[in-house]
Amino acid sequence: MTRATGYDLLWEVREMNILRGLAGALLWVLAAVVGLVAVVLCVTIILLPLGLPLLNLARQLGTNGVQLMLPRAVAHPVKTAQKGSQRKAKQARRTTRDAVEAVKPGGKPRWRRKLPV
């Protein structure tokens, strides 16, 4: 079994981005067609109960299509911020643990580093 190189991994990421963009574009076109059908159904008063749920479905399809085309940080800003804050919290816990070890009698820090003031 051969090991993947950095170039191979970069190529796989590029392929996945292309596939995500293509799927997003197809969903967006499908949303436009479903939305057009929904508007036509809403114009005819008798078929209004069918047109409104279809309009909602078109909105959801369009939202999903656009989210697939956008980068993760733009499509899901809260999830991206949570990941960043979890990393910072983990780093703060490590720093605090090292500071406590340095203050304990006989305790030695894992590495000697000045603590931020």
# chains A, B, ... in the order shown; residues from 1 in each chain; ligands from 1
call {"tool": "residues_around", "arguments": {"residues": "stretch 60-68 of chain A", "least_positions_apart": "2", "cutoff": "8 Å", "atoms": "only C-alpha atoms", "output": "list in words"}}
result
Arg20, Gly21, Ala23, Gly24, Ala25, Leu26, Leu27, Trp28, Leu30, Ala31, Ala32, Asn56, Leu57, Ala58, Leu70, Pro71 and Ala75 of chain A
call {"tool": "atom_distance", "arguments": {"atom1": "atom CA of A:Ile45", "atom2": "atom CA of A:Val29"}}
result
25.8 Å
call {"tool": "closest_residue", "arguments": {"among": "A:Met16, A:Val74, A:Met69, A:Leu55", "to": "A:Val40", "atoms": "only C-alpha atoms"}}
result
A:Leu55
call {"tool": "closest_residue", "arguments": {"among": "A:Arg59, A:Asn17, A:Arg72, A:Trp11", "to": "A:Val33", "atoms": "only C-alpha atoms"}}
result
A:Arg59
call {"tool": "residues_around", "arguments": {"residues": "A:Leu54", "least_positions_apart": "3", "cutoff": "9 Å", "atoms": "only C-alpha atoms", "output": "PyMOL selection string"}}
result
chain A and resi 34-35+37-39+41+50-51+57-59
